[in-house]
>>> print(open('data_18.csv').read())   # CSV, C-alpha atoms (C1' of nucleotides)
chain,number,residue,atom,x,y,z
A,1123,MET,CA,0.0,0.0,0.0
A,1124,THR,CA,2.8,2.4,0.9
A,1125,GLU,CA,4.2,1.6,-2.5
A,1126,SER,CA,1.7,4.1,-3.8
A,1127,LEU,CA,3.4,7.1,-2.3
A,1128,GLY,CA,5.2,7.9,-5.6
A,1129,PHE,CA,2.0,7.6,-7.6
A,1130,LEU,CA,0.1,9.6,-4.9
A,1131,VAL,CA,2.5,12.5,-4.9
A,1132,SER,CA,2.7,12.7,-8.7
A,1133,ASP,CA,-1.1,12.5,-8.9
A,1134,VAL,CA,-1.5,15.3,-6.4
A,1135,ALA,CA,1.1,17.4,-8.2
A,1136,ARG,CA,-0.5,16.8,-11.6
A,1137,LEU,CA,-4.0,17.5,-10.3
A,1138,MET,CA,-2.9,20.7,-8.6
A,1139,ARG,CA,-1.0,21.8,-11.7
A,1140,ARG,CA,-4.1,21.2,-13.8
A,1141,ARG,CA,-6.3,23.2,-11.4
A,1142,PHE,CA,-3.8,26.0,-11.2
A,1143,ASP,CA,-3.3,26.2,-15.0
A,1144,GLU,CA,-7.0,26.3,-15.6
A,1145,ARG,CA,-7.2,29.5,-13.6
A,1146,ALA,CA,-3.9,31.0,-14.3
A,1147,ARG,CA,-4.0,30.7,-18.1
A,1148,LYS,CA,-5.5,34.1,-18.6
A,1149,SER,CA,-2.7,35.7,-16.5
A,1150,GLY,CA,-0.2,34.4,-19.1
A,1151,ALA,CA,2.0,32.3,-16.9
A,1152,THR,CA,2.1,28.7,-15.8
A,1153,GLY,CA,3.0,27.2,-12.4
A,1154,PRO,CA,6.7,26.7,-13.1
A,1155,GLN,CA,6.9,30.1,-14.8
A,1156,TRP,CA,5.4,31.7,-11.7
A,1157,ARG,CA,7.9,29.9,-9.5
A,1158,THR,CA,10.7,31.3,-11.7
A,1159,LEU,CA,9.2,34.8,-11.5
A,1160,LYS,CA,9.0,34.5,-7.8
A,1161,ILE,CA,12.7,33.6,-7.5
A,1162,LEU,CA,13.6,36.6,-9.7
A,1163,GLU,CA,11.4,38.8,-7.6
A,1164,ARG,CA,13.7,38.1,-4.7
A,1165,HIS,CA,17.0,37.8,-6.6
A,1166,GLU,CA,16.9,40.0,-9.6
A,1167,GLY,CA,20.0,39.8,-11.8
A,1168,LEU,CA,20.8,36.1,-11.3
A,1169,ASN,CA,22.2,34.2,-14.2
A,1170,GLN,CA,20.5,31.1,-15.6
A,1171,GLY,CA,22.7,28.7,-13.9
A,1172,GLN,CA,22.0,30.2,-10.5
A,1173,ILE,CA,18.3,30.2,-11.2
A,1174,ALA,CA,18.4,26.6,-12.3
A,1175,GLU,CA,20.0,25.7,-9.0
A,1176,LEU,CA,17.4,27.5,-7.0
A,1177,LEU,CA,14.7,25.8,-9.1
A,1178,GLU,CA,16.5,22.5,-8.7
A,1179,VAL,CA,16.1,21.8,-12.4
A,1180,GLU,CA,18.8,21.3,-15.1
A,1181,PRO,CA,20.3,24.3,-16.8
A,1182,ILE,CA,18.7,23.5,-20.1
A,1183,THR,CA,15.2,23.3,-18.5
A,1184,CYS,CA,15.8,26.8,-17.0
A,1185,CYS,CA,17.2,28.1,-20.3
A,1186,ARG,CA,14.0,27.2,-22.2
A,1187,MET,CA,11.8,28.5,-19.4
A,1188,ILE,CA,13.6,31.9,-19.6
A,1189,ASP,CA,13.1,31.7,-23.4
A,1190,ARG,CA,9.4,31.5,-23.0
A,1191,LEU,CA,9.3,34.2,-20.2
A,1192,GLU,CA,11.4,36.5,-22.4
A,1193,GLU,CA,9.1,35.8,-25.3
A,1194,ALA,CA,6.1,36.7,-23.2
A,1195,GLY,CA,7.8,39.9,-22.2
A,1196,LEU,CA,7.9,39.0,-18.5
A,1197,VAL,CA,11.7,39.0,-18.1
A,1198,GLU,CA,14.7,40.3,-20.0
A,1199,ARG,CA,18.2,39.1,-20.5
A,1200,ARG,CA,21.0,41.5,-20.0
A,1201,ARG,CA,24.7,40.7,-20.7
A,1202,ASP,CA,26.8,40.2,-17.7
A,1203,PRO,CA,29.5,43.0,-18.0
A,1204,ALA,CA,32.1,40.8,-16.2
A,1205,ASP,CA,31.4,37.5,-18.0
A,1206,ARG,CA,30.6,37.4,-21.6
A,1207,ARG,CA,29.3,33.8,-21.3
A,1208,ALA,CA,26.5,34.7,-19.0
A,1209,TRP,CA,23.2,36.5,-19.1
A,1210,ARG,CA,21.6,38.2,-16.1
A,1211,ILE,CA,17.9,37.9,-15.9
A,1212,TYR,CA,15.6,40.8,-14.8
A,1213,LEU,CA,11.9,41.1,-14.4
A,1214,THR,CA,10.1,43.6,-16.6
A,1215,GLU,CA,7.4,45.9,-15.3
A,1216,LYS,CA,4.9,43.7,-17.1
A,1217,ALA,CA,5.7,41.0,-14.6
A,1218,ARG,CA,4.5,42.8,-11.5
A,1219,PRO,CA,0.8,42.5,-11.9
A,1220,VAL,CA,1.1,39.0,-13.2
A,1221,LEU,CA,2.9,38.0,-10.0
A,1222,ALA,CA,0.2,39.6,-7.9
A,1223,GLU,CA,-2.6,37.9,-9.7
A,1224,LEU,CA,-0.9,34.5,-9.6
A,1225,HIS,CA,-0.4,34.9,-5.9
A,1226,ASP,CA,-4.1,35.4,-5.4
A,1227,ILE,CA,-5.0,32.4,-7.5
A,1228,ALA,CA,-2.6,30.2,-5.7
A,1229,GLY,CA,-3.9,31.4,-2.3
A,1230,ALA,CA,-7.5,30.4,-3.2
A,1231,MET,CA,-6.4,27.1,-4.7
A,1232,LEU,CA,-4.3,26.3,-1.6
A,1233,GLU,CA,-7.3,26.7,0.6
A,1234,ALA,CA,-9.3,24.4,-1.6
A,1235,ALA,CA,-6.5,21.8,-1.6
A,1236,LEU,CA,-6.3,21.7,2.2
A,1237,ASN,CA,-10.0,21.7,2.8
A,1238,GLY,CA,-10.8,19.2,5.6
A,1239,LEU,CA,-7.3,19.3,7.2
A,1240,ASP,CA,-6.9,21.2,10.5
A,1241,ALA,CA,-3.8,23.3,11.3
A,1242,PRO,CA,-1.7,20.6,12.9
A,1243,GLN,CA,-2.5,18.2,10.0
A,1244,ARG,CA,-1.4,20.9,7.6
A,1245,ASP,CA,1.8,21.5,9.5
A,1246,ALA,CA,2.5,17.8,9.7
A,1247,LEU,CA,1.8,17.4,6.0
A,1248,ILE,CA,4.2,20.1,5.0
A,1249,ALA,CA,6.9,19.0,7.4
A,1250,SER,CA,6.7,15.4,6.2
A,1251,LEU,CA,6.9,16.5,2.6
A,1252,ASN,CA,9.9,18.5,3.4
A,1253,VAL,CA,11.5,15.4,4.9
A,1254,VAL,CA,10.8,13.4,1.7
A,1255,ARG,CA,12.0,16.3,-0.4
A,1256,ALA,CA,15.3,16.4,1.5
A,1257,ASN,CA,15.6,12.6,1.2
A,1258,MET,CA,15.2,12.7,-2.5
A,1259,THR,CA,17.6,15.6,-2.9
A,1260,GLN,CA,20.3,13.9,-0.9
A,1261,THR,CA,20.1,10.5,-2.6
A,1262,ALA,CA,20.3,12.2,-5.9
A,1263,ASP,CA,24.0,12.6,-5.2
A,1264,ILE,CA,24.7,8.9,-4.8
A,1265,LYS,CA,27.2,7.8,-7.4
A,1266,PRO,CA,26.7,4.6,-9.4
A,1267,GLU,CA,29.7,2.9,-7.8
A,1268,THR,CA,27.5,2.5,-4.7
A,1269,LYS,CA,25.6,-0.4,-6.3
A,1270,GLU,CA,28.4,-2.4,-7.8
A,1271,ALA,CA,26.9,-5.8,-7.2
A,1272,ALA,CA,23.3,-4.8,-7.9
A,1273,ASN,CA,23.1,-6.2,-11.4
A,1274,GLY,CA,21.6,-9.7,-10.8
B,287,MET,CA,4.4,29.9,4.1
B,288,THR,CA,1.7,27.4,3.4
B,289,GLU,CA,1.5,29.0,0.0
B,290,SER,CA,4.4,26.8,-0.8
B,291,LEU,CA,2.4,23.6,-0.8
B,292,GLY,CA,1.9,23.5,-4.5
B,293,PHE,CA,5.6,24.1,-5.1
B,294,LEU,CA,6.5,21.6,-2.4
B,295,VAL,CA,4.3,18.8,-3.9
B,296,SER,CA,5.5,19.4,-7.4
B,297,ASP,CA,9.1,19.5,-6.2
B,298,VAL,CA,8.7,16.2,-4.4
B,299,ALA,CA,7.0,14.7,-7.4
B,300,ARG,CA,9.7,15.8,-9.7
B,301,LEU,CA,12.6,14.7,-7.5
B,302,MET,CA,10.9,11.3,-7.0
B,303,ARG,CA,10.4,11.0,-10.7
B,304,ARG,CA,14.0,11.9,-11.4
B,305,ARG,CA,15.3,9.3,-8.9
B,306,PHE,CA,13.0,6.6,-10.2
B,307,ASP,CA,13.8,7.2,-13.8
B,308,GLU,CA,17.5,7.1,-13.1
B,309,ARG,CA,17.2,3.6,-11.8
B,310,ALA,CA,14.3,2.4,-14.0
B,311,ARG,CA,15.8,3.4,-17.3
B,312,LYS,CA,17.6,0.2,-17.9
B,313,SER,CA,14.3,-1.7,-17.4
B,314,GLY,CA,12.9,0.1,-20.4
B,315,ALA,CA,9.9,1.9,-18.7
B,316,THR,CA,9.3,5.2,-17.0
B,317,GLY,CA,7.1,5.9,-13.9
B,318,PRO,CA,3.9,6.7,-15.8
B,319,GLN,CA,4.5,3.8,-18.1
B,320,TRP,CA,4.9,1.5,-15.1
B,321,ARG,CA,1.7,2.9,-13.6
B,322,THR,CA,-0.1,2.1,-16.9
B,323,LEU,CA,1.3,-1.4,-17.0
B,324,LYS,CA,0.1,-1.9,-13.4
B,325,ILE,CA,-3.4,-1.0,-14.3
B,326,LEU,CA,-3.3,-3.4,-17.2
B,327,GLU,CA,-2.0,-6.1,-15.0
B,328,ARG,CA,-5.2,-5.9,-13.0
B,329,HIS,CA,-7.6,-5.0,-15.8
B,330,GLU,CA,-6.3,-6.6,-19.0
B,331,GLY,CA,-8.4,-5.9,-22.1
B,332,LEU,CA,-9.5,-2.4,-21.2
B,333,ASN,CA,-9.9,0.1,-24.0
B,334,GLN,CA,-7.9,3.4,-24.0
B,335,GLY,CA,-10.7,5.5,-22.7
B,336,GLN,CA,-11.1,3.3,-19.7
B,337,ILE,CA,-7.4,3.3,-19.0
B,338,ALA,CA,-7.3,7.1,-19.3
B,339,GLU,CA,-10.0,7.3,-16.7
B,340,LEU,CA,-8.2,5.1,-14.3
B,341,LEU,CA,-5.0,7.1,-14.9
B,342,GLU,CA,-6.9,10.3,-14.5
B,343,VAL,CA,-5.3,11.7,-17.6
B,344,GLU,CA,-6.8,12.9,-20.9
B,345,PRO,CA,-7.5,10.3,-23.6
B,346,ILE,CA,-4.8,11.7,-25.9
B,347,THR,CA,-2.2,11.4,-23.1
B,348,CYS,CA,-3.2,7.8,-22.7
B,349,CYS,CA,-3.2,7.2,-26.4
B,350,ARG,CA,0.4,8.3,-26.8
B,351,MET,CA,1.5,6.4,-23.8
B,352,ILE,CA,0.0,3.2,-25.3
B,353,ASP,CA,1.9,4.1,-28.5
B,354,ARG,CA,5.2,4.1,-26.7
B,355,LEU,CA,4.4,1.0,-24.7
B,356,GLU,CA,3.3,-0.8,-27.9
B,357,GLU,CA,6.5,0.3,-29.7
B,358,ALA,CA,8.5,-1.0,-26.8
B,359,GLY,CA,6.7,-4.4,-27.1
B,360,LEU,CA,5.2,-4.2,-23.6
B,361,VAL,CA,1.6,-4.1,-24.6
B,362,GLU,CA,-0.5,-4.9,-27.7
B,363,ARG,CA,-3.6,-3.5,-29.2
B,364,ARG,CA,-6.3,-5.9,-30.3
B,365,ARG,CA,-9.5,-4.8,-32.1
B,366,ASP,CA,-12.6,-4.9,-30.1
B,367,PRO,CA,-14.8,-7.4,-31.9
B,368,ALA,CA,-18.0,-5.5,-30.8
B,369,ASP,CA,-16.9,-1.9,-31.5
B,370,ARG,CA,-14.8,-1.2,-34.5
B,371,ARG,CA,-13.8,2.2,-33.1
B,372,ALA,CA,-12.1,0.8,-30.1
B,373,TRP,CA,-8.9,-1.1,-29.3
B,374,ARG,CA,-8.5,-3.4,-26.3
B,375,ILE,CA,-5.1,-3.3,-24.6
B,376,TYR,CA,-3.2,-6.4,-23.4
B,377,LEU,CA,0.2,-6.9,-21.7
B,378,THR,CA,2.7,-9.0,-23.6
B,379,GLU,CA,4.9,-11.6,-21.9
B,380,LYS,CA,7.8,-9.2,-22.2
B,381,ALA,CA,6.0,-7.0,-19.7
B,382,ARG,CA,6.0,-9.4,-16.8
B,383,PRO,CA,9.7,-9.3,-15.8
B,384,VAL,CA,9.7,-5.5,-16.3
B,385,LEU,CA,6.8,-5.1,-13.9
B,386,ALA,CA,8.6,-7.2,-11.3
B,387,GLU,CA,11.8,-5.2,-11.7
B,388,LEU,CA,10.1,-1.9,-11.4
B,389,HIS,CA,8.3,-3.1,-8.4
B,390,ASP,CA,11.6,-3.8,-6.6
B,391,ILE,CA,13.1,-0.4,-7.7
B,392,ALA,CA,10.0,1.4,-6.4
B,393,GLY,CA,10.1,-0.4,-3.1
B,394,ALA,CA,13.7,0.5,-2.5
B,395,MET,CA,13.1,4.1,-3.5
B,396,LEU,CA,10.1,4.4,-1.3
B,397,GLU,CA,12.1,3.4,1.7
B,398,ALA,CA,14.7,6.0,0.9
B,399,ALA,CA,12.0,8.6,0.5
B,400,LEU,CA,10.4,7.9,3.8
B,401,ASN,CA,13.6,7.7,5.7
B,402,GLY,CA,13.3,9.5,9.0
B,403,LEU,CA,9.5,9.3,9.3
B,404,ASP,CA,8.0,6.8,11.7
B,405,ALA,CA,4.9,4.7,10.9
B,406,PRO,CA,2.3,7.1,12.3
B,407,GLN,CA,3.9,9.9,10.3
B,408,ARG,CA,3.9,7.9,7.2
B,409,ASP,CA,0.3,7.0,7.6
B,410,ALA,CA,-0.6,10.6,8.3
B,411,LEU,CA,1.3,11.8,5.3
B,412,ILE,CA,-0.5,9.4,3.0
B,413,ALA,CA,-3.9,10.1,4.5
B,414,SER,CA,-3.4,13.9,4.1
B,415,LEU,CA,-2.2,13.5,0.5
B,416,ASN,CA,-5.3,11.5,-0.2
B,417,VAL,CA,-7.4,14.3,1.2
B,418,VAL,CA,-5.7,16.8,-1.0
B,419,ARG,CA,-6.0,14.5,-4.0
B,420,ALA,CA,-9.7,14.2,-3.4
B,421,ASN,CA,-10.1,17.9,-3.0
B,422,MET,CA,-8.3,18.5,-6.3
B,423,THR,CA,-10.4,15.9,-8.1
B,424,GLN,CA,-13.7,17.2,-6.8
B,425,THR,CA,-13.0,20.9,-7.5
B,426,ALA,CA,-12.0,19.9,-11.0
B,427,ASP,CA,-15.7,19.4,-11.7
B,428,ILE,CA,-16.8,22.8,-10.6
B,429,LYS,CA,-18.3,24.7,-13.5
B,430,PRO,CA,-17.4,28.3,-14.3
B,431,GLU,CA,-20.9,29.5,-13.4
B,432,THR,CA,-20.0,28.9,-9.8
B,433,LYS,CA,-17.7,32.0,-9.7
B,434,GLU,CA,-19.9,34.5,-11.4
B,435,ALA,CA,-18.9,37.5,-9.4
B,436,ALA,CA,-15.3,36.5,-9.0
B,437,ASN,CA,-13.9,38.7,-11.8
B,438,GLY,CA,-12.8,41.8,-10.0
C,660,DT,C1',52.0,32.8,-22.8
C,661,DG,C1',49.5,28.8,-24.1
C,662,DC,C1',46.8,24.9,-23.4
C,663,DA,C1',43.4,22.1,-20.8
C,664,DA,C1',39.7,22.1,-17.9
C,665,DT,C1',35.7,24.3,-16.5
C,666,DC,C1',31.7,27.0,-16.8
C,667,DT,C1',27.4,29.3,-19.3
C,668,DA,C1',24.2,28.8,-22.5
C,669,DT,C1',22.0,26.3,-25.9
C,670,DA,C1',20.6,22.7,-29.7
C,671,DA,C1',18.4,18.3,-30.6
C,672,DG,C1',15.5,15.1,-29.2
C,673,DC,C1',12.7,12.2,-25.9
C,674,DC,C1',8.6,11.6,-22.4
C,675,DT,C1',4.4,13.2,-20.2
C,676,DG,C1',0.9,16.3,-19.6
C,677,DC,C1',-2.4,19.6,-21.9
C,678,DT,C1',-6.0,21.9,-25.7
C,679,DT,C1',-8.1,21.9,-29.9
C,680,DA,C1',-9.7,19.7,-33.8
C,681,DC,C1',-10.3,15.9,-36.8
C,682,DT,C1',-11.8,10.9,-38.6
C,683,DA,C1',-14.4,6.9,-38.1
C,684,DT,C1',-17.9,4.5,-36.0
C,685,DA,C1',-22.0,3.9,-33.1
C,686,DT,C1',-26.3,5.4,-31.6
C,687,DG,C1',-30.5,8.0,-30.9
C,688,DT,C1',-34.4,10.5,-32.8
C,689,DG,C1',-37.5,12.0,-36.2
D,771,DC,C1',-33.9,5.5,-43.6
D,772,DA,C1',-31.4,10.0,-42.6
D,773,DC,C1',-29.5,13.2,-39.9
D,774,DA,C1',-27.6,14.8,-35.4
D,775,DT,C1',-25.1,13.7,-31.6
D,776,DA,C1',-21.9,11.0,-28.9
D,777,DT,C1',-17.9,8.2,-28.4
D,778,DA,C1',-13.0,6.1,-29.5
D,779,DG,C1',-9.0,7.2,-31.2
D,780,DT,C1',-5.6,10.2,-33.0
D,781,DA,C1',-2.9,14.4,-35.1
D,782,DA,C1',-0.8,18.9,-34.3
D,783,DG,C1',1.3,21.7,-31.4
D,784,DC,C1',2.6,23.7,-26.8
D,785,DA,C1',4.9,23.5,-21.8
D,786,DG,C1',8.1,21.6,-18.8
D,787,DG,C1',11.0,17.9,-17.4
D,788,DC,C1',15.1,15.1,-18.9
D,789,DT,C1',19.9,13.4,-21.4
D,790,DT,C1',23.6,14.1,-24.4
D,791,DA,C1',26.4,17.0,-27.0
D,792,DT,C1',28.4,21.5,-28.6
D,793,DA,C1',29.9,26.4,-28.9
D,794,DG,C1',32.0,30.1,-26.7
D,795,DA,C1',34.3,32.3,-22.9
D,796,DT,C1',36.8,32.1,-18.7
D,797,DT,C1',40.2,30.4,-15.6
D,798,DG,C1',43.9,27.5,-13.8
D,799,DC,C1',48.3,25.9,-14.3
D,800,DA,C1',52.6,24.8,-16.3
>>> encode(input="data_18.csv", output="structure tokens")
Amino acid sequence: MTESLGFLVSDVARLMRRRFDERARKSGATGPQWRTLKILERHEGLNQGQIAELLEVEPITCCRMIDRLEEAGLVERRRDPADRRAWRIYLTEKARPVLAELHDIAGAMLEAALNGLDAPQRDALIASLNVVRANMTQTADIKPETKEAANG
Amino acid sequence: MTESLGFLVSDVARLMRRRFDERARKSGATGPQWRTLKILERHEGLNQGQIAELLEVEPITCCRMIDRLEEAGLVERRRDPADRRAWRIYLTEKARPVLAELHDIAGAMLEAALNGLDAPQRDALIASLNVVRANMTQTADIKPETKEAANG
DNA sequence: TGCAATCTATAAGCCTGCTTACTATATGTG
DNA sequence: CACATATAGTAAGCAGGCTTATAGATTGCA
């Protein structure tokens, strides 16, 4: 039964994403795009590698996300004056109201998602998810040598 | 702070998927493919619409998944003798060992994911996620008319 | 100074999810 | 029977993950 945790988590993620996207579409940004914008809100001027690290995605994933955000006019790339390999990413003015609207949508959806859970249950849920998240982040660093004799 | 639930869940889902895929790649199936195979294991001969419903994805998503599974030789499409529009989907013999191997991989990964949580915490986590899942499934049926005066 | 290693960004291509729109078939209604 | 509607499956095309590979720039080291 506990085997279902992976399915359960990905189900919940997919359903939440679907619900969010339904409402957020008219704002012109998706969930992952919003998350990227939020990071930029607090850390404007990061380069794409740094953003990828904060998002915990691969650089190419971040690169293409910035492509779409730039195309939508929500961010802009500026050359790093000290490193001609790098771009620094900045929010545009157009991004501010989008951020505010997405914040409201997410707040309403969150309340719907947690309906029926009391405060201690909500806290426990978030705490446990953070534990799982940390477990999955740590184990991601294990090198293949660890499982030398695993191939039966 | 609680606003982060959506991000947290999708993070956990993505990290678990990444971990699973790393290990499962040599078995020739991904997480969603495994889930589809598991459904077929219990309900062989379903058509694609029924599978999509059990997976809680759109029919086109299921269709393309069956495409890939068929191409990999893990399932086969057989014409429904009673409805010439429909295909019935069956596992091939090749799928059995793949299912067994993925089951083992998932078991090991699950233990890693839940490391540090005791039994009551695990139960509470799964129960709460099921509540959220139900909330997100239900609200997905709400019609737009419900929010007549929501557009500020 | 020069070369190798590293780092930043990106291209190509795959999987999984979605929307929209289409074909083919089945079914209901007049 | 004929037409409208519904259903099963699929194509096209987009977003967001990934891997692998490459170009260009920087940096470390001999």
>>> residues_around(input="data_18.csv", residues="Leu1236 of chain A", least_positions_apart="2", cutoff="8 Å", atoms="all atoms listed in the file", output="list of chain:residue names")
A:Leu1232, A:Glu1233, A:Ala1234, A:Gly1238, A:Leu1239, A:Arg1244, B:Val417, B:Val418, B:Asn421
>>> closest_atom_pairs(input="data_18.csv", of="chain A", to="chain D", cutoff="12 Å", atoms="all atoms listed in the file", output="JSON lines")
{"residue": "A:Arg1139", "atom": "CA", "partner": "D:DG786", "partner_atom": "C1'", "distance": 11.5}
{"residue": "A:Asp1143", "atom": "CA", "partner": "D:DA785", "partner_atom": "C1'", "distance": 11.0}
{"residue": "A:Ala1151", "atom": "CA", "partner": "D:DA785", "partner_atom": "C1'", "distance": 10.5}
{"residue": "A:Thr1152", "atom": "CA", "partner": "D:DA785", "partner_atom": "C1'", "distance": 8.4}
{"residue": "A:Gly1153", "atom": "CA", "partner": "D:DG786", "partner_atom": "C1'", "distance": 9.9}
{"residue": "A:Pro1154", "atom": "CA", "partner": "D:DG786", "partner_atom": "C1'", "distance": 7.8}
{"residue": "A:Gln1155", "atom": "CA", "partner": "D:DG786", "partner_atom": "C1'", "distance": 9.5}
{"residue": "A:Glu1178", "atom": "CA", "partner": "D:DG787", "partner_atom": "C1'", "distance": 11.3}
{"residue": "A:Val1179", "atom": "CA", "partner": "D:DG787", "partner_atom": "C1'", "distance": 8.1}
{"residue": "A:Glu1180", "atom": "CA", "partner": "D:DC788", "partner_atom": "C1'", "distance": 8.2}
{"residue": "A:Pro1181", "atom": "CA", "partner": "D:DC788", "partner_atom": "C1'", "distance": 10.8}
{"residue": "A:Ile1182", "atom": "CA", "partner": "D:DC788", "partner_atom": "C1'", "distance": 9.2}
{"residue": "A:Thr1183", "atom": "CA", "partner": "D:DG787", "partner_atom": "C1'", "distance": 6.9}
{"residue": "A:Cys1184", "atom": "CA", "partner": "D:DG786", "partner_atom": "C1'", "distance": 9.5}
{"residue": "A:Cys1185", "atom": "CA", "partner": "D:DG786", "partner_atom": "C1'", "distance": 11.3}
{"residue": "A:Arg1186", "atom": "CA", "partner": "D:DG786", "partner_atom": "C1'", "distance": 8.8}
{"residue": "A:Met1187", "atom": "CA", "partner": "D:DG786", "partner_atom": "C1'", "distance": 7.9}
{"residue": "A:Ile1188", "atom": "CA", "partner": "D:DG786", "partner_atom": "C1'", "distance": 11.7}
{"residue": "A:Asp1189", "atom": "CA", "partner": "D:DA785", "partner_atom": "C1'", "distance": 11.7}
{"residue": "A:Arg1190", "atom": "CA", "partner": "D:DA785", "partner_atom": "C1'", "distance": 9.3}
{"residue": "A:Leu1191", "atom": "CA", "partner": "D:DA785", "partner_atom": "C1'", "distance": 11.7}
{"residue": "A:Ala1204", "atom": "CA", "partner": "D:DT796", "partner_atom": "C1'", "distance": 10.2}
{"residue": "A:Asp1205", "atom": "CA", "partner": "D:DT796", "partner_atom": "C1'", "distance": 7.7}
{"residue": "A:Arg1206", "atom": "CA", "partner": "D:DA795", "partner_atom": "C1'", "distance": 6.4}
{"residue": "A:Arg1207", "atom": "CA", "partner": "D:DA795", "partner_atom": "C1'", "distance": 5.5}
{"residue": "A:Ala1208", "atom": "CA", "partner": "D:DA795", "partner_atom": "C1'", "distance": 9.0}
>>> closest_atom_pairs(input="data_18.csv", of="chain C", to="chain B", cutoff="8 Å", atoms="all atoms listed in the file", output="CSV")
residue,atom,partner,partner_atom,distance
C:DT675,C1',B:Thr347,CA,7.4
C:DG676,C1',B:Thr347,CA,6.8
C:DA683,C1',B:Arg371,CA,6.9
C:DT684,C1',B:Arg371,CA,5.5
C:DA685,C1',B:Asp369,CA,7.9
>>> residues_around(input="data_18.csv", residues="Gly1195 of chain A", least_positions_apart="5", cutoff="8 Å", atoms="all atoms listed in the file", output="VMD selection string")
chain A and resid 1214 1216 to 1217
>>> atom_distance(input="data_18.csv", atom1="atom CA of Ala1249 of chain A", atom2="atom CA of Phe1142 of chain A")
22.6 Å
>>> atom_distance(input="data_18.csv", atom1="atom CA of Ala299 of chain B", atom2="atom CA of Ala1135 of chain A")
6.5 Å
>>> closest_residue(input="data_18.csv", among="B:Leu385, B:Leu332, B:Ile391, B:Leu340", to="Asp366 of chain B", atoms="only C-alpha atoms")
B:Leu332
>>> interface_residues(input="data_18.csv", of="chain B", to="chain A", cutoff="8 Å", atoms="all atoms listed in the file", output="PyMOL selection string")
chain B and resi 288-289+291-303+305+321+392-393+396+398-403+407+410-412+414-419+421-423+425-426
>>> atom_distance(input="data_18.csv", atom1="atom C1' of DT669 of chain C", atom2="atom CA of Gly1171 of chain A")
12.3 Å
>>> residues_near_point(input="data_18.csv", point="(-5.4, -4.6, -30.6)", cutoff="10 Å", atoms="only C-alpha atoms (C1' of nucleotides)", output="MDAnalysis selection string")
chainID B and resid 331 333 356 361:367 372:376
